[in-house]
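Pasting entry_39.csv here (CSV, C-alpha atoms):
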chain,number,residue,atom,x,y,z
O,1,MET,CA,-45.3,99.1,-68.4
O,2,ASN,CA,-44.5,102.7,-69.1
O,3,HIS,CA,-45.8,103.7,-65.8
O,4,LEU,CA,-43.6,101.2,-64.1
O,5,THR,CA,-40.5,102.4,-66.1
O,6,SER,CA,-41.3,106.0,-65.4
O,7,ALA,CA,-41.7,105.2,-61.7
O,8,LEU,CA,-38.3,103.4,-61.7
O,9,VAL,CA,-36.6,106.2,-63.6
O,10,ALA,CA,-38.2,108.7,-61.2
O,11,GLY,CA,-37.0,106.7,-58.4
O,12,MET,CA,-33.6,106.5,-59.8
O,13,GLN,CA,-33.4,110.1,-60.2
O,14,GLN,CA,-33.8,110.5,-56.6
O,15,PHE,CA,-30.3,109.2,-56.2
O,16,PRO,CA,-27.5,111.8,-56.4
O,17,GLY,CA,-25.8,110.2,-59.3
O,18,ALA,CA,-28.8,109.7,-61.4
O,19,GLU,CA,-28.8,113.3,-62.7
O,20,TYR,CA,-25.5,112.5,-64.4
O,21,GLY,CA,-27.2,110.1,-66.9
O,22,ILE,CA,-29.5,112.7,-68.4
O,23,ASP,CA,-28.1,114.9,-71.1
O,24,ASP,CA,-29.6,118.0,-72.5
O,25,GLN,CA,-31.8,116.2,-74.9
O,26,GLY,CA,-33.4,114.1,-72.2
O,27,TYR,CA,-31.7,110.9,-72.9
O,28,THR,CA,-30.1,108.9,-70.2
O,29,THR,CA,-26.4,108.4,-70.3
O,30,HIS,CA,-24.2,105.5,-69.1
O,31,HIS,CA,-23.3,105.8,-65.4
O,32,PRO,CA,-20.0,104.4,-64.3
O,33,LEU,CA,-21.6,102.3,-61.6
O,34,TRP,CA,-25.3,102.3,-62.2
O,35,PRO,CA,-26.5,100.0,-65.1
O,36,GLU,CA,-29.0,100.9,-67.8
O,37,GLN,CA,-32.6,101.1,-66.8
O,38,ALA,CA,-33.7,98.3,-69.0
O,39,GLU,CA,-30.9,96.2,-67.9
O,40,LEU,CA,-32.0,96.7,-64.4
O,41,ILE,CA,-35.5,95.7,-65.3
O,42,TYR,CA,-34.7,92.6,-67.3
O,43,GLY,CA,-32.0,91.6,-65.0
O,44,GLY,CA,-34.3,92.0,-62.0
O,45,ILE,CA,-37.0,89.9,-63.6
O,46,ALA,CA,-34.5,87.2,-64.6
O,47,SER,CA,-33.1,87.1,-61.2
O,48,LEU,CA,-36.6,86.8,-59.7
O,49,ILE,CA,-37.4,84.0,-62.1
O,50,VAL,CA,-34.1,82.2,-61.3
O,51,ILE,CA,-34.6,82.6,-57.6
O,52,GLY,CA,-38.2,81.4,-57.9
O,53,LEU,CA,-37.0,78.4,-59.9
O,54,LEU,CA,-34.4,77.7,-57.3
O,55,ILE,CA,-36.8,78.0,-54.5
O,56,TRP,CA,-39.4,75.9,-56.4
O,57,LYS,CA,-37.0,73.1,-57.5
O,58,ALA,CA,-34.0,73.1,-55.3
O,59,GLY,CA,-35.8,74.1,-52.1
O,60,PRO,CA,-37.3,70.7,-51.3
O,61,LEU,CA,-34.1,68.9,-52.2
O,62,LEU,CA,-32.1,71.3,-50.0
O,63,LYS,CA,-34.7,70.9,-47.2
O,64,LYS,CA,-34.6,67.1,-47.5
O,65,ALA,CA,-30.8,67.1,-47.5
O,66,MET,CA,-30.7,69.3,-44.5
O,67,ALA,CA,-33.2,67.1,-42.7
O,68,ALA,CA,-31.1,64.0,-43.6
O,69,ARG,CA,-28.1,65.8,-42.3
O,70,THR,CA,-29.9,66.7,-39.2
O,71,ASP,CA,-31.0,63.1,-38.7
O,72,LYS,CA,-27.5,61.9,-39.3
O,73,ILE,CA,-26.1,64.4,-36.9
O,74,GLN,CA,-28.7,63.3,-34.4
O,75,VAL,CA,-27.9,59.7,-34.8
O,76,GLU,CA,-24.2,60.4,-34.4
O,77,LEU,CA,-25.1,62.5,-31.3
O,78,ASP,CA,-27.1,59.6,-29.9
O,79,GLU,CA,-24.3,57.1,-30.7
O,80,SER,CA,-21.8,59.4,-29.0
O,81,ALA,CA,-24.0,59.6,-26.0
O,82,ALA,CA,-24.4,55.9,-25.9
O,83,ALA,CA,-20.7,55.4,-26.3
O,84,LYS,CA,-20.1,57.9,-23.6
O,85,ARG,CA,-22.5,56.0,-21.3
O,86,ASP,CA,-20.8,52.7,-22.2
O,87,ALA,CA,-17.4,54.2,-21.5
O,88,GLU,CA,-18.6,55.6,-18.2
O,89,ALA,CA,-20.0,52.3,-17.3
O,90,GLU,CA,-16.8,50.5,-18.3
O,91,ALA,CA,-14.8,53.1,-16.4
O,92,ALA,CA,-17.0,52.5,-13.3
O,93,ARG,CA,-16.6,48.7,-13.7
O,94,ILE,CA,-12.8,49.1,-14.1
O,95,ARG,CA,-12.7,51.3,-11.1
O,96,GLN,CA,-14.6,48.7,-9.2
O,97,SER,CA,-12.4,46.0,-10.4
O,98,LEU,CA,-9.4,47.9,-9.5
O,99,GLY,CA,-10.8,48.3,-6.0
O,100,ASN,CA,-11.5,44.6,-5.8
O,101,ILE,CA,-8.0,43.8,-7.1
O,102,ASP,CA,-6.5,46.0,-4.6
O,103,ALA,CA,-8.5,44.4,-1.8
O,104,GLU,CA,-7.6,40.9,-3.1
O,105,ARG,CA,-3.9,42.0,-3.4
O,106,GLN,CA,-4.0,43.1,0.2
O,107,ARG,CA,-5.6,39.9,1.3
O,108,VAL,CA,-3.1,37.8,-0.7
O,109,LEU,CA,-0.3,39.8,0.7
O,110,ALA,CA,-1.6,39.4,4.2
O,111,ASP,CA,-2.0,35.6,3.7
O,112,ALA,CA,1.4,35.3,2.3
O,113,ASP,CA,2.9,37.3,5.1
O,114,ALA,CA,1.1,35.1,7.6
O,115,GLN,CA,2.3,31.9,5.9
O,116,ALA,CA,5.8,33.3,5.7
O,117,GLN,CA,5.7,34.1,9.4
O,118,ALA,CA,4.4,30.6,10.2
O,119,LEU,CA,7.0,28.9,7.9
O,120,LEU,CA,9.7,31.0,9.5
O,121,ALA,CA,8.7,30.1,13.0
O,122,ASP,CA,8.3,26.5,12.0
O,123,GLY,CA,11.7,26.5,10.3
O,124,ARG,CA,13.3,28.1,13.3
O,125,THR,CA,11.8,25.5,15.6
O,126,ARG,CA,12.9,22.7,13.3
O,127,LEU,CA,16.3,24.1,12.9
O,128,ASP,CA,16.7,24.5,16.6
O,129,ALA,CA,15.6,20.9,17.1
O,130,GLU,CA,17.9,19.6,14.4
O,131,ALA,CA,20.8,21.6,15.7
O,132,ALA,CA,20.1,20.1,19.2
O,133,GLU,CA,19.9,16.6,17.8
O,134,LEU,CA,23.1,17.1,15.7
O,135,GLU,CA,24.9,18.4,18.8
O,136,ALA,CA,23.7,15.5,20.9
O,137,LYS,CA,24.7,13.1,18.1
O,138,ALA,CA,28.0,14.7,17.8
O,139,GLN,CA,28.6,14.5,21.5
O,140,ALA,CA,27.5,10.8,21.5
O,141,ASP,CA,29.8,10.1,18.5
O,142,ILE,CA,32.7,11.8,20.2
O,143,ALA,CA,32.0,9.9,23.4
O,144,ALA,CA,31.6,6.6,21.4
O,145,GLY,CA,34.8,7.4,19.4
O,146,ALA,CA,36.7,8.1,22.6
O,147,GLY,CA,35.4,4.9,24.1
O,148,ARG,CA,36.3,2.9,21.0
O,149,ALA,CA,39.7,4.5,20.9
O,150,GLY,CA,40.1,3.6,24.6
O,151,ASP,CA,38.9,0.0,24.0
O,152,GLU,CA,41.1,-0.3,20.9
O,153,LEU,CA,44.1,1.0,22.9
O,154,ARG,CA,43.4,-1.3,25.8
O,155,GLY,CA,42.9,-4.2,23.3
O,156,GLU,CA,46.1,-3.4,21.6
O,157,ILE,CA,48.0,-3.1,24.9
O,158,ALA,CA,46.5,-6.5,26.0
O,159,ARG,CA,47.5,-8.0,22.6
O,160,LEU,CA,51.0,-6.7,22.9
O,161,ALA,CA,51.2,-7.8,26.5
O,162,GLY,CA,49.9,-11.2,25.6
O,163,ALA,CA,52.4,-11.5,22.7
O,164,ALA,CA,55.2,-10.4,25.0
O,165,ALA,CA,54.1,-12.9,27.6
O,166,ASP,CA,54.0,-15.7,24.9
O,167,LEU,CA,57.5,-14.8,23.9
O,168,VAL,CA,58.9,-14.6,27.5
O,169,VAL,CA,57.2,-17.8,28.5
O,170,GLU,CA,58.3,-19.7,25.4
O,171,ARG,CA,61.9,-18.6,25.9
O,172,SER,CA,61.8,-19.6,29.5
O,173,LEU,CA,60.4,-23.0,28.9
O,174,ASP,CA,63.5,-25.1,28.7
O,175,ASP,CA,63.6,-28.8,29.3
O,176,ALA,CA,64.1,-28.4,33.1
O,177,THR,CA,61.2,-26.1,33.4
O,178,GLN,CA,59.0,-28.5,31.3
O,179,GLN,CA,59.9,-31.4,33.7
O,180,GLN,CA,59.2,-29.2,36.7
O,181,LEU,CA,55.8,-28.3,35.3
O,182,ILE,CA,55.0,-32.0,34.6
O,183,GLU,CA,56.1,-33.1,38.0
O,184,ALA,CA,54.2,-30.3,39.7
O,185,TYR,CA,51.1,-31.4,37.7
O,186,ILE,CA,51.5,-35.0,38.7
O,187,ALA,CA,51.9,-34.0,42.3
O,188,LYS,CA,48.9,-31.8,42.3
O,189,VAL,CA,46.6,-34.3,40.5
O,190,GLY,CA,47.9,-37.0,42.8
O,191,ALA,CA,46.9,-35.0,45.8
O,192,THR,CA,43.4,-34.6,44.5
O,193,THR,CA,40.7,-37.0,45.6
O,194,PRO,CA,37.6,-37.9,43.6
O,195,ALA,CA,35.5,-35.7,45.8
O,196,THR,CA,37.5,-32.6,44.8
O,197,SER,CA,38.1,-33.4,41.1
O,198,GLY,CA,35.6,-33.9,38.3
O,199,ALA,CA,35.6,-30.4,36.9
O,200,THR,CA,37.7,-28.7,34.3
O,201,ARG,CA,40.6,-26.9,35.9
N,1,MET,CA,25.7,-50.2,16.0
N,2,ASN,CA,26.9,-47.4,13.8
N,3,VAL,CA,29.6,-47.6,11.2
N,4,ILE,CA,32.3,-46.2,13.4
N,5,GLU,CA,31.5,-48.7,16.2
N,6,GLY,CA,31.5,-51.4,13.6
N,7,TYR,CA,34.9,-50.5,12.3
N,8,ALA,CA,36.3,-50.1,15.8
N,9,ASN,CA,35.0,-53.5,16.8
N,10,GLY,CA,36.5,-55.0,13.6
N,11,LEU,CA,39.9,-53.5,14.3
N,12,PHE,CA,39.8,-54.6,17.9
N,13,GLU,CA,39.0,-58.2,17.0
N,14,ILE,CA,41.8,-58.3,14.4
N,15,ALA,CA,44.4,-56.8,16.8
N,16,LYS,CA,43.3,-59.1,19.5
N,17,ALA,CA,43.4,-62.1,17.3
N,18,GLU,CA,46.9,-61.1,16.2
N,19,GLY,CA,47.9,-60.8,19.8
N,20,THR,CA,49.2,-57.3,19.3
N,21,LEU,CA,46.3,-55.3,20.8
N,22,ASP,CA,48.3,-53.1,23.1
N,23,GLU,CA,50.9,-52.3,20.5
N,24,VAL,CA,48.4,-51.7,17.6
N,25,GLU,CA,46.1,-49.7,19.9
N,26,ASP,CA,49.0,-47.5,20.9
N,27,GLU,CA,50.3,-47.0,17.3
N,28,LEU,CA,46.8,-46.3,16.0
N,29,PHE,CA,46.2,-43.8,18.7
N,30,ARG,CA,49.4,-41.9,17.9
N,31,PHE,CA,48.7,-42.1,14.2
N,32,ALA,CA,45.2,-40.7,14.8
N,33,ARG,CA,46.6,-37.8,16.7
N,34,SER,CA,49.1,-37.1,13.9
N,35,TYR,CA,46.3,-37.3,11.4
N,36,GLU,CA,44.3,-34.7,13.4
N,37,SER,CA,47.1,-32.3,13.7
N,38,SER,CA,48.3,-32.4,10.0
N,39,ASP,CA,46.1,-30.8,7.4
N,40,GLU,CA,48.3,-32.1,4.7
N,41,LEU,CA,48.1,-35.7,5.8
N,42,ARG,CA,44.3,-35.4,6.3
N,43,ASN,CA,43.8,-33.9,2.9
N,44,ALA,CA,46.0,-36.6,1.2
N,45,LEU,CA,44.1,-39.4,2.8
N,46,THR,CA,40.6,-38.1,2.3
N,47,ASP,CA,40.9,-36.5,-1.2
N,48,GLU,CA,38.5,-38.4,-3.4
N,49,LEU,CA,40.4,-37.3,-6.5
N,50,VAL,CA,43.5,-39.2,-5.3
N,51,PRO,CA,43.2,-42.9,-6.3
N,52,VAL,CA,42.7,-45.3,-3.4
N,53,THR,CA,45.9,-47.2,-4.2
N,54,ARG,CA,47.8,-43.9,-4.0
N,55,ARG,CA,46.3,-43.1,-0.6
N,56,GLN,CA,47.1,-46.6,0.6
N,57,SER,CA,50.7,-46.3,-0.6
N,58,ILE,CA,51.0,-43.0,1.4
N,59,VAL,CA,50.0,-44.9,4.5
N,60,GLU,CA,52.5,-47.6,3.9
N,61,ASP,CA,55.2,-45.0,3.3
N,62,LEU,CA,54.4,-43.3,6.5
N,63,LEU,CA,54.0,-46.4,8.7
N,64,GLY,CA,56.3,-48.9,7.0
N,65,GLY,CA,59.1,-49.7,9.4
N,66,LYS,CA,57.8,-47.4,12.0
N,67,ALA,CA,54.7,-49.3,13.1
N,68,SER,CA,53.7,-52.9,13.2
N,69,PRO,CA,52.5,-54.5,9.9
N,70,THR,CA,49.0,-55.0,11.5
N,71,THR,CA,48.7,-51.3,12.3
N,72,ALA,CA,49.8,-50.3,8.8
N,73,GLN,CA,47.3,-52.8,7.2
N,74,LEU,CA,44.4,-51.6,9.4
N,75,VAL,CA,45.0,-48.0,8.6
N,76,SER,CA,45.4,-48.8,4.9
N,77,MET,CA,42.1,-50.7,5.1
N,78,ILE,CA,40.3,-47.8,6.7
N,79,VAL,CA,41.6,-45.4,4.1
N,80,GLY,CA,40.9,-47.8,1.2
N,81,SER,CA,37.3,-48.1,2.3
N,82,GLY,CA,36.8,-44.4,2.1
N,83,ARG,CA,36.6,-43.9,5.9
N,84,GLY,CA,39.7,-41.8,6.2
N,85,ARG,CA,37.7,-38.9,7.7
N,86,ASP,CA,36.4,-41.2,10.5
N,87,LEU,CA,39.9,-42.6,11.3
N,88,PRO,CA,40.3,-40.6,14.6
N,89,ALA,CA,36.8,-41.5,15.8
N,90,ILE,CA,37.3,-45.2,14.9
N,91,VAL,CA,40.6,-45.3,16.7
N,92,ASP,CA,39.2,-43.5,19.8
N,93,ARG,CA,36.4,-46.0,20.0
N,94,LEU,CA,38.9,-48.9,19.6
N,95,VAL,CA,41.0,-47.4,22.4
N,96,GLN,CA,38.0,-47.1,24.7
N,97,ARG,CA,36.9,-50.6,24.0
N,98,ALA,CA,40.5,-51.9,24.7
N,99,ALA,CA,40.5,-50.0,28.0
N,100,ALA,CA,37.1,-51.3,28.8
N,101,THR,CA,38.3,-54.9,28.5
N,102,LYS,CA,40.8,-54.0,31.2
N,103,ASP,CA,38.1,-52.3,33.3
N,104,ALA,CA,39.9,-49.0,32.7
N,105,THR,CA,39.1,-45.5,31.4
N,106,VAL,CA,41.3,-43.8,28.8
N,107,ALA,CA,43.0,-40.6,29.8
N,108,GLU,CA,44.3,-38.6,26.9
N,109,VAL,CA,47.3,-36.7,28.2
N,110,ARG,CA,48.8,-33.9,26.2
N,111,THR,CA,52.3,-32.4,26.9
N,112,ALA,CA,54.7,-30.2,25.1
N,113,VAL,CA,57.5,-32.7,25.6
N,114,ALA,CA,57.4,-36.5,25.6
N,115,LEU,CA,56.6,-38.2,29.0
N,116,SER,CA,59.0,-40.8,30.3
N,117,ALA,CA,57.6,-44.3,31.2
N,118,ASP,CA,58.0,-43.4,34.8
N,119,GLN,CA,56.1,-40.2,34.4
N,120,GLN,CA,53.3,-42.0,32.6
N,121,ASP,CA,53.1,-44.5,35.4
N,122,ARG,CA,53.0,-41.9,38.1
N,123,LEU,CA,50.5,-39.8,36.1
N,124,ARG,CA,48.3,-42.8,35.6
N,125,ALA,CA,48.4,-43.4,39.3
N,126,ALA,CA,47.7,-39.7,40.1
N,127,LEU,CA,44.8,-39.6,37.7
N,128,ALA,CA,43.4,-42.9,39.1
N,129,ASN,CA,43.6,-41.3,42.6
N,130,ALA,CA,41.9,-38.1,41.4
N,131,THR,CA,39.1,-39.8,39.4
N,132,GLY,CA,38.6,-43.0,41.4
N,133,ARG,CA,38.9,-45.0,38.2
N,134,ASN,CA,41.4,-47.4,36.7
N,135,ILE,CA,43.2,-45.3,34.1
N,136,THR,CA,44.9,-46.1,30.8
N,137,VAL,CA,47.2,-43.2,29.8
N,138,LYS,CA,47.4,-42.3,26.1
N,139,ALA,CA,50.1,-39.7,25.8
N,140,VAL,CA,50.2,-37.2,23.0
N,141,VAL,CA,53.0,-34.7,22.4
N,142,ASP,CA,51.4,-31.4,21.5
N,143,PRO,CA,53.7,-28.4,21.3
N,144,SER,CA,50.7,-26.1,21.3
N,145,VAL,CA,50.2,-26.6,25.1
N,146,LEU,CA,53.6,-24.9,25.5
N,147,GLY,CA,54.2,-26.5,28.9
N,148,GLY,CA,52.6,-28.5,31.6
N,149,VAL,CA,49.9,-31.2,31.1
N,150,VAL,CA,46.3,-31.5,30.2
N,151,ALA,CA,44.5,-34.7,30.8
N,152,THR,CA,41.1,-35.6,29.5
N,153,VAL,CA,39.3,-38.5,31.2
N,154,GLY,CA,35.8,-39.0,29.7
N,155,ASP,CA,34.1,-35.6,30.1
N,156,THR,CA,36.6,-34.4,32.8
N,157,VAL,CA,39.5,-32.1,31.7
N,158,ILE,CA,42.3,-31.5,34.2
N,159,ASP,CA,44.2,-28.6,32.7
N,160,GLY,CA,47.6,-27.5,33.9
N,161,THR,CA,49.1,-26.2,30.7
N,162,VAL,CA,51.0,-23.0,30.3
N,163,ARG,CA,48.9,-22.2,27.2
N,164,THR,CA,45.7,-22.1,29.3
N,165,HIS,CA,47.4,-20.0,32.0
N,166,LEU,CA,48.5,-17.6,29.3
N,167,GLU,CA,45.1,-17.4,27.8
N,168,GLN,CA,43.6,-16.7,31.2
N,169,LEU,CA,46.2,-14.0,31.7
N,170,LYS,CA,45.4,-12.4,28.3
N,171,SER,CA,41.7,-12.6,29.1
N,172,ARG,CA,42.3,-10.7,32.4
N,173,LEU,CA,44.4,-8.2,30.5
For the file at hand, write its structure as structure tokens.
Amino acid sequence: MNHLTSALVAGMQQFPGAEYGIDDQGYTTHHPLWPEQAELIYGGIASLIVIGLLIWKAGPLLKKAMAARTDKIQVELDESAAAKRDAEAEAARIRQSLGNIDAERQRVLADADAQAQALLADGRTRLDAEAAELEAKAQADIAAGAGRAGDELRGEIARLAGAAADLVVERSLDDATQQQLIEAYIAKVGATTPATSGATR
Amino acid sequence: MNVIEGYANGLFEIAKAEGTLDEVEDELFRFARSYESSDELRNALTDELVPVTRRQSIVEDLLGGKASPTTAQLVSMIVGSGRGRDLPAIVDRLVQRAAATKDATVAEVRTAVALSADQQDRLRAALANATGRNITVKAVVDPSVLGGVVATVGDTVIDGTVRTHLEQLKSRL
């Protein structure tokens, strides 16, 4: 032990400040930065013991915790990779769906456009036919109306003329005229023979 | 023999037995024509809601003093038996039978004014000449003919009325 102490002291003395701790009687003095020799020894030993205990007792625990942490990180990394793959697959699927949707949209739009064109053409044809039919009907109605108006006018003229004739005849049929008509009838019937009569006259 | 024929024969025999056939026949004929032309008279004599005695009194009021008693009684009998609607047909059949007994055909002559006896005679002769038959003229005053004469002999109609000429004119118009 003394040898060890002597060796440490000798070693210390190699440092530039060490010579300040030795007085003229050979005793070491307190250095402002460097601890006492014994303190260094005991402190070093205690430190070694503590470090050894730590390595002995806490080392496995620390190693186990680090391994668990490593495993956990690895699991998380694996999960992240899987999630990334899933996301990429989903993204690919979505991109494909978008492509399909776009194609379907194009097809639907094309169909709708074709149907609209067909409907438009059909509607124009039908409208043209209906317009022609309406025009023909209107022309026929106009012609019929004109005919009816003409017929009604002719009928009214005939009715008025008949009424006028009635009036004129009735006024002109005095007794002398009545007798003339009767005598003319008798003369005419008397001149008729059975061969020329027999029908309504 | 239908009902009308039966009634006509009955009236004929009664009038003949009374010795007033010509007179009764002529009066019945004129009454039948008046009956045909008057809706009011026809309704009064055929309305089932009017008592028979009331209808018969109407006949007596109409014919009393204007026709022979036999004519009035015969018409009253027809109306009283509910055959008022058949009166014209019965009378026409009676007139035809009376004419047939004289080997003649009835000519119903319609004019707007009454014919004189002379005109009826000449018209009878003219119709006889035209049809070749012996004619009995039954004259009816019908203002609707306006003027002229229309004679119906059986199915033959000889029409010389102003009304017909006017209708033909209107038809042409």
Kindly provide the residues of segment 164-183 of chain O that approach segment 105-120 of chain N to within 9 Å, each paired with its closest atom pair and their distance in Å to one decimal, based on all atoms listed in the file, listed by chain and increasing number, as a Markdown table.
| residue | atom | partner | partner_atom | distance |
| --- | --- | --- | --- | --- |
| O:Asp175 | CA | N:Val113 | CA | 8.1 |
| O:Gln178 | CA | N:Val113 | CA | 7.2 |
| O:Gln179 | CA | N:Val113 | CA | 8.5 |
| O:Ile182 | CA | N:Thr111 | CA | 8.2 |
| O:Glu183 | CA | N:Gln119 | CA | 8.0 |
Suppose we keep C-alpha atoms; can you now write the selection as a PDB file, in the coordinates of the input?
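Writing done, so here's again06.pdb:
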ATOM      1  CA  ASP O 175      63.600 -28.800  29.300  1.00  0.00           C
ATOM      2  CA  GLN O 178      59.000 -28.500  31.300  1.00  0.00           C
ATOM      3  CA  GLN O 179      59.900 -31.400  33.700  1.00  0.00           C
ATOM      4  CA  ILE O 182      55.000 -32.000  34.600  1.00  0.00           C
ATOM      5  CA  GLU O 183      56.100 -33.100  38.000  1.00  0.00           C
TER       6      GLU O 183
END
Expected answer as number ranges by chain: chain O residues within 10 Å of chain N, all atoms listed in the file: O: 154-155, 157-163, 165-166, 169-170, 173-175, 177-201
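Separating atom CA of Glu60 of chain N from atom CA of Arg83 of chain N is a distance of 16.4 Å.
Straight-line separation from atom CA of Asp86 of chain N to atom CA of Leu45 of chain N: 11.0 Å.
Interatomic distance, atom CA of Leu94 of chain N against atom CA of Leu49 of chain N: 28.6 Å.
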Show me, as a PyMOL selection string, the residues that have an atom within 8 Å of Arg93 of chain N when counting all atoms listed in the file, minus same-chain residues fewer than 4 positions from it. chain N and resi 4-5+8+89+97
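Checking N:Thr70, N:Ser38, N:Asp142, N:Asp47 one by one against Leu21 of chain N, counting only C-alpha atoms, you find the shortest gap at N:Thr70.
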Please, which residues are within 12 Å of (47.2, -39.9, 17.3) by the file's coordinates, counting all atoms listed in the file, and could they come as an MDAnalysis selection string? chainID N and resid 24:38 87:92 95 108:110 138:142
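For Gln73 of chain N, the non-local neighbours within 10 Å, defined as residues at least 6 positions apart in the same chain or in other chains and counting only C-alpha atoms, are Gln56, Val59, Glu60, Leu63, Gly64 and Val79 of chain N.
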Save segment 55-76 of chain N from what I just supplied, as a PDB file, in the first residue's frame, atoms limited to N, CA and C atoms.
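Result file is decode-v8.pdb:
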ATOM      1  N   ARG N  55    -165.993  16.136 -73.022  1.00  0.00           N
ATOM      2  CA  ARG N  55    -165.558  16.092 -74.424  1.00  0.00           C
ATOM      3  C   ARG N  55    -166.779  16.063 -75.355  1.00  0.00           C
ATOM      4  N   GLN N  56    -167.770  15.308 -74.972  1.00  0.00           N
ATOM      5  CA  GLN N  56    -168.973  15.240 -75.813  1.00  0.00           C
ATOM      6  C   GLN N  56    -169.724  16.576 -75.840  1.00  0.00           C
ATOM      7  N   SER N  57    -169.701  17.273 -74.701  1.00  0.00           N
ATOM      8  CA  SER N  57    -170.370  18.586 -74.692  1.00  0.00           C
ATOM      9  C   SER N  57    -169.628  19.576 -75.585  1.00  0.00           C
ATOM     10  N   ILE N  58    -168.304  19.422 -75.687  1.00  0.00           N
ATOM     11  CA  ILE N  58    -167.522  20.279 -76.589  1.00  0.00           C
ATOM     12  C   ILE N  58    -167.971  20.043 -78.035  1.00  0.00           C
ATOM     13  N   VAL N  59    -168.152  18.767 -78.391  1.00  0.00           N
ATOM     14  CA  VAL N  59    -168.610  18.433 -79.743  1.00  0.00           C
ATOM     15  C   VAL N  59    -169.977  19.040 -80.016  1.00  0.00           C
ATOM     16  N   GLU N  60    -170.841  18.917 -79.040  1.00  0.00           N
ATOM     17  CA  GLU N  60    -172.189  19.467 -79.237  1.00  0.00           C
ATOM     18  C   GLU N  60    -172.160  20.986 -79.368  1.00  0.00           C
ATOM     19  N   ASP N  61    -171.276  21.616 -78.568  1.00  0.00           N
ATOM     20  CA  ASP N  61    -171.145  23.078 -78.680  1.00  0.00           C
ATOM     21  C   ASP N  61    -170.638  23.476 -80.064  1.00  0.00           C
ATOM     22  N   LEU N  62    -169.696  22.683 -80.592  1.00  0.00           N
ATOM     23  CA  LEU N  62    -169.098  23.025 -81.892  1.00  0.00           C
ATOM     24  C   LEU N  62    -170.076  22.794 -83.043  1.00  0.00           C
ATOM     25  N   LEU N  63    -170.775  21.682 -82.994  1.00  0.00           N
ATOM     26  CA  LEU N  63    -171.606  21.294 -84.143  1.00  0.00           C
ATOM     27  C   LEU N  63    -173.087  21.643 -83.983  1.00  0.00           C
ATOM     28  N   GLY N  64    -173.500  21.951 -82.748  1.00  0.00           N
ATOM     29  CA  GLY N  64    -174.913  22.252 -82.532  1.00  0.00           C
ATOM     30  C   GLY N  64    -175.379  23.440 -83.366  1.00  0.00           C
ATOM     31  N   GLY N  65    -176.349  23.213 -84.216  1.00  0.00           N
ATOM     32  CA  GLY N  65    -176.872  24.287 -85.053  1.00  0.00           C
ATOM     33  C   GLY N  65    -176.086  24.523 -86.310  1.00  0.00           C
ATOM     34  N   LYS N  66    -174.880  23.927 -86.404  1.00  0.00           N
ATOM     35  CA  LYS N  66    -174.040  24.119 -87.588  1.00  0.00           C
ATOM     36  C   LYS N  66    -173.987  22.855 -88.434  1.00  0.00           C
ATOM     37  N   ALA N  67    -174.358  21.747 -87.860  1.00  0.00           N
ATOM     38  CA  ALA N  67    -174.366  20.481 -88.599  1.00  0.00           C
ATOM     39  C   ALA N  67    -175.647  19.748 -88.240  1.00  0.00           C
ATOM     40  N   SER N  68    -175.923  18.711 -89.001  1.00  0.00           N
ATOM     41  CA  SER N  68    -177.139  17.949 -88.740  1.00  0.00           C
ATOM     42  C   SER N  68    -177.008  17.217 -87.403  1.00  0.00           C
ATOM     43  N   PRO N  69    -178.141  16.947 -86.755  1.00  0.00           N
ATOM     44  CA  PRO N  69    -178.077  16.214 -85.481  1.00  0.00           C
ATOM     45  C   PRO N  69    -177.383  14.872 -85.627  1.00  0.00           C
ATOM     46  N   THR N  70    -177.570  14.222 -86.735  1.00  0.00           N
ATOM     47  CA  THR N  70    -176.921  12.913 -86.934  1.00  0.00           C
ATOM     48  C   THR N  70    -175.405  13.055 -86.912  1.00  0.00           C
ATOM     49  N   THR N  71    -174.904  14.067 -87.599  1.00  0.00           N
ATOM     50  CA  THR N  71    -173.454  14.280 -87.613  1.00  0.00           C
ATOM     51  C   THR N  71    -172.941  14.535 -86.200  1.00  0.00           C
ATOM     52  N   ALA N  72    -173.618  15.418 -85.479  1.00  0.00           N
ATOM     53  CA  ALA N  72    -173.175  15.725 -84.117  1.00  0.00           C
ATOM     54  C   ALA N  72    -173.208  14.485 -83.238  1.00  0.00           C
ATOM     55  N   GLN N  73    -174.250  13.660 -83.388  1.00  0.00           N
ATOM     56  CA  GLN N  73    -174.342  12.455 -82.556  1.00  0.00           C
ATOM     57  C   GLN N  73    -173.257  11.436 -82.906  1.00  0.00           C
ATOM     58  N   LEU N  74    -172.966  11.334 -84.202  1.00  0.00           N
ATOM     59  CA  LEU N  74    -171.937  10.367 -84.612  1.00  0.00           C
ATOM     60  C   LEU N  74    -170.557  10.787 -84.096  1.00  0.00           C
ATOM     61  N   VAL N  75    -170.262  12.068 -84.224  1.00  0.00           N
ATOM     62  CA  VAL N  75    -168.960  12.538 -83.714  1.00  0.00           C
ATOM     63  C   VAL N  75    -168.905  12.357 -82.206  1.00  0.00           C
ATOM     64  N   SER N  76    -170.010  12.679 -81.525  1.00  0.00           N
ATOM     65  CA  SER N  76    -170.052  12.539 -80.073  1.00  0.00           C
ATOM     66  C   SER N  76    -169.850  11.073 -79.671  1.00  0.00           C
TER      67      SER N  76
END
